[in-house]
Every structure is written in C-alpha cells, then in structure tokens.
Amino acid sequence: MPGESGEPSIVILGDLRVDFRSRLRDHSFALLPTDHLEYAEITMKVSGTAVNLARHARCSFSAVDVISCIGTDHFAGVIRSVLDDLGVRCHLQEVRDVQNGTSLLVREPDAQGPRLLVASRATPASRLSVEHVRGVRPVIEGADVLFADGYLALYEASRAAMTEAAHMARAAGAVFCFDLLPHHAEKYFSLTDLQEILEASDIVISSARTLARLLALDDPYPYREEDVTSLVRHNLSDGPGSGATWLLRFGVKDLQKTAVCRKGAVSVVYDTGYLAAKERSEYGDRLAARELRNHVLHGYISPE
C-alpha cells in the first residue's frame with residue numbers, strides 16, 4: 001500500500017541504452033534507389049525500457065527505483081548522470097565484458113511514416129542475475145508496483161532474475177506488471193515460454209496484435225474493437241496469464257485505445273488520448289505510469 005505520503009512507489013526492471021536519433025529531410029526510405037548521404041541533426045539520448053518509464057513515472061509515483069545492469073565503457077558515466085538527474089534511485093549490477101547498449105533511430109520526413117530502428121542485441125541487462133535481485137530484496141518488497149518487460153525474457157539469466165523479482169513482489173503484496181515486449185515477440189519466444197512470468201503477473205500490457213501473433217492468428221492493422229473482443233473471448237479465458245488483467249492496446253499505432261480484459265472478457269475500452277497528444281514520443285510509458293498509479297490508489301485502471 002502507499003506509504004505515509006499517500007503516494008505509491010514503483011520499482012522498474014529493464015534495459016539501459018544510449019540512442020542516436022535523426023530524421024531524413026527530403027527522402028523516404030522506400031524511394032532511395034542507391035546509397036544516400038544526407039546531412040541532418042543527430043541527437044543522443046539515454047533511453048532503454050527502464051529509463052523511458054522512469055522518466056515519466058516520476059510524475060505519478062513518490063519514489064522510483066531502477067534495477068538493471070550497466071557496462072563499464074565510456075557511456076556508463078553518461079547513463080549514470082542522466083539517472084541521477086532524473087532523481088531515481090538506482091541499483092545497478094556492473095557488467096565488465098558487455099558494452100552498454102546502443103540504438104540508432106531514423107525517422108522519415110513525414111512524421112506519420114515508418115521508422116528505422118537498429119539496436120545492439122547484447123546489452124548488460126541480459127546479465128541481470130538472481131543474486132543481484134536477491135541483494136535488493138528490501139527495495140522490491142517495499143514497493144507498491146514492480147514493472148518489468150519482455151526484453152528481459154530474451155535471455156535465460158535475466159528471465160530468471162525477473163521471475164525471482166516477480167515472486168518477491170507478489171509475496172510482499174505488491175502489484176507486478178509485465179509489459180509484453182518486443183512487439184514482434186513471436187520471433188523470440190512463445191506464450192508457453194512465458195508461462196511462469198505470466199502466471200506471476202497481476203497486469204500484462206500488450207499490443208493486441210502482439211498477442212494475436214503469439215497465438216499464430218491474423219493481425220490486421222489497425223486492430224478493431226470487435227477484433228479484440230473475439231481475441232480475448234477465445235484465447236484469454238484459460239492458459240498462461242488468464243488470471244491477470246490484460247491491457248490490450250489497439251487502433252492507430254497500436255496506442256489509440258486500450259481494452260481492459262480479464263478471464264476472457266473485455267470489461268472496459270477507453271481512448272488513451274494518443275491521437276490528441278502534442279508529444280507522442282514515449283507515449284506508452286506515460287500512459288502506463290498513469291494507469292498503474294490509478295490502479296494502486298483507486299482500484300481501477302484508467303489514464304485519467
């Protein structure tokens with residue numbers, strides 16, 4: 001339950017990365033017939049699933065803790081500095097033989113166009129250990145919410161650490177929320193592979209189309225409300241994660257609407273505000289932070 005301040009706290013397990021971002025000014029990816037040089041602004045930003053959520057969770061939670069891993073290369077100081085500036089409490093396992101993760105994001109001139117995202121696969125977070133998680137047990141047990149994502153499920157070590165943390169949180173009465181990433185998760189694992197972590201989850205956040213692909217079903221875009229209703233009725237009444245509350249995103253950019261689902265039924269559908277937002281970058285993280293805060297404080301899931 002929330003502490004003396006009346007505001008909830010959150011612990012985030014996730015990845016730490018450094019992003020390099022740019023935008024083409026005059027050409028679409030699809031229209032480039034050959035090699036192309038273009039001069040454009042390139043920005044660097046500390047990112048990754050843990051940082052992105054922490055950045056927005058500060059506005060919804062009284063305390064934000066990040067549990068992750070960090071390399072020892074020249075980006076380590078940059079990452080630590082940004083986390084310090086955010087005012088979050090960090091519990092970082094140092095990994096000496098894996099460089100900090102980097103990503104390259106290139107956008108088209110049209111803001112509605114596709115993005116090119118290239119990310120280093122091996123990151124320090126893949127080495128997150130059960131021992132490190134056990135070493136920060138008081139932090140996990142003292143939180144109202146524990147949040148983790150599917151990128152940690154890509155590797156045996158980090159998957160075991162995430163599962164250990166989930167069981168700790170649940171035993172202490174905290175809410176465990178699992179974000180089912182990556183969006184094309186079917187390329188890396190099955191729902192059966194995730195059975196233990198899904199069964200430990202109170203809340204699962206996923207694109208409806210991600211869930212459909214994991215079930216080897218069609219994933220039309222944009223996914224419609226009737227598609228979600230059918231998906232949930234036929235596939236979430238039993239099996240892995242059937243005891244959790246699912247927040248299924250759908251519509252434009254798979255973020256326009258959310259269906260709150262449990263035991264094979266959709267209880268409510270709401271507009272996320274995505275289409276009306278002036279700033280859409282990291283919108284999913286902002287949305288999740290507000291939803292989880294309301295769940296802890298008021299017992300319902302809503303961004304309002």
# chains A, B, ... in the order shown; residues from 1 in each chain; ligands from 1
call {"tool": "select_by_dssp", "arguments": {"residues": "range 120-282 of chain A", "states": "helix (DSSP H, G or I)", "output": "MDAnalysis selection string"}}
result
chainID A and resid 124:127 130:135 137:141 150:154 156:171 185:187 195:199 208:214 225:235 252:254
call {"tool": "residues_around", "arguments": {"residues": "range 111-113 of chain A", "least_positions_apart": "2", "cutoff": "12 Å", "atoms": "only C-alpha atoms", "output": "count of residues only"}}
result
19
call {"tool": "residues_around", "arguments": {"residues": "Ala171 in chain A", "least_positions_apart": "3", "cutoff": "12 Å", "atoms": "only C-alpha atoms", "output": "VMD selection string"}}
result
chain A and resid 137 140 to 144 146 164 to 168 174 to 176 200 to 201
call {"tool": "write_last_selection", "arguments": {"atoms": "C-alpha atoms", "output": "PDB file, in the first residue's frame"}}
result
ATOM      1  CA  ARG A 137      15.079  -7.638  -1.870  1.00  0.00           C
ATOM      2  CA  ILE A 140      11.382  -4.794  -4.208  1.00  0.00           C
ATOM      3  CA  GLU A 141       9.394  -5.792  -1.130  1.00  0.00           C
ATOM      4  CA  GLY A 142       8.909  -2.150  -0.137  1.00  0.00           C
ATOM      5  CA  ALA A 143       7.362  -1.060  -3.441  1.00  0.00           C
ATOM      6  CA  ASP A 144       3.707  -0.826  -4.424  1.00  0.00           C
ATOM      7  CA  LEU A 146       7.090  -3.844  -9.750  1.00  0.00           C
ATOM      8  CA  GLU A 164      12.535 -14.114  -8.969  1.00  0.00           C
ATOM      9  CA  ALA A 165      11.717 -10.422  -8.559  1.00  0.00           C
ATOM     10  CA  ALA A 166       8.086 -11.015  -9.564  1.00  0.00           C
ATOM     11  CA  HIS A 167       7.648 -13.716  -6.928  1.00  0.00           C
ATOM     12  CA  MET A 168       9.244 -11.457  -4.290  1.00  0.00           C
ATOM     13  CA  ALA A 174       2.926  -5.538  -4.474  1.00  0.00           C
ATOM     14  CA  VAL A 175       1.381  -5.363  -7.944  1.00  0.00           C
ATOM     15  CA  PHE A 176       3.519  -6.983 -10.636  1.00  0.00           C
ATOM     16  CA  ALA A 200       3.055 -14.326 -11.667  1.00  0.00           C
ATOM     17  CA  SER A 201       1.603 -11.172 -13.276  1.00  0.00           C
TER      18      SER A 201
END
call {"tool": "closest_residue", "arguments": {"among": "A:Asp202, A:Glu38, A:Asp149, A:Glu156", "to": "Cys261 in chain A", "atoms": "only C-alpha atoms"}}
result
A:Asp202
call {"tool": "closest_residue", "arguments": {"among": "A:Ala288, A:Val11, A:Ala119, A:Ile203", "to": "Val136 in chain A", "atoms": "only C-alpha atoms"}}
result
A:Val11
call {"tool": "closest_residue", "arguments": {"among": "A:His298, A:His91, A:Arg233, A:Lys45", "to": "Ile79 in chain A", "atoms": "only C-alpha atoms"}}
result
A:Lys45
call {"tool": "closest_residue", "arguments": {"among": "A:Cys69, A:Val78, A:Val46, A:Leu248", "to": "Arg96 in chain A", "atoms": "only C-alpha atoms"}}
result
A:Cys69
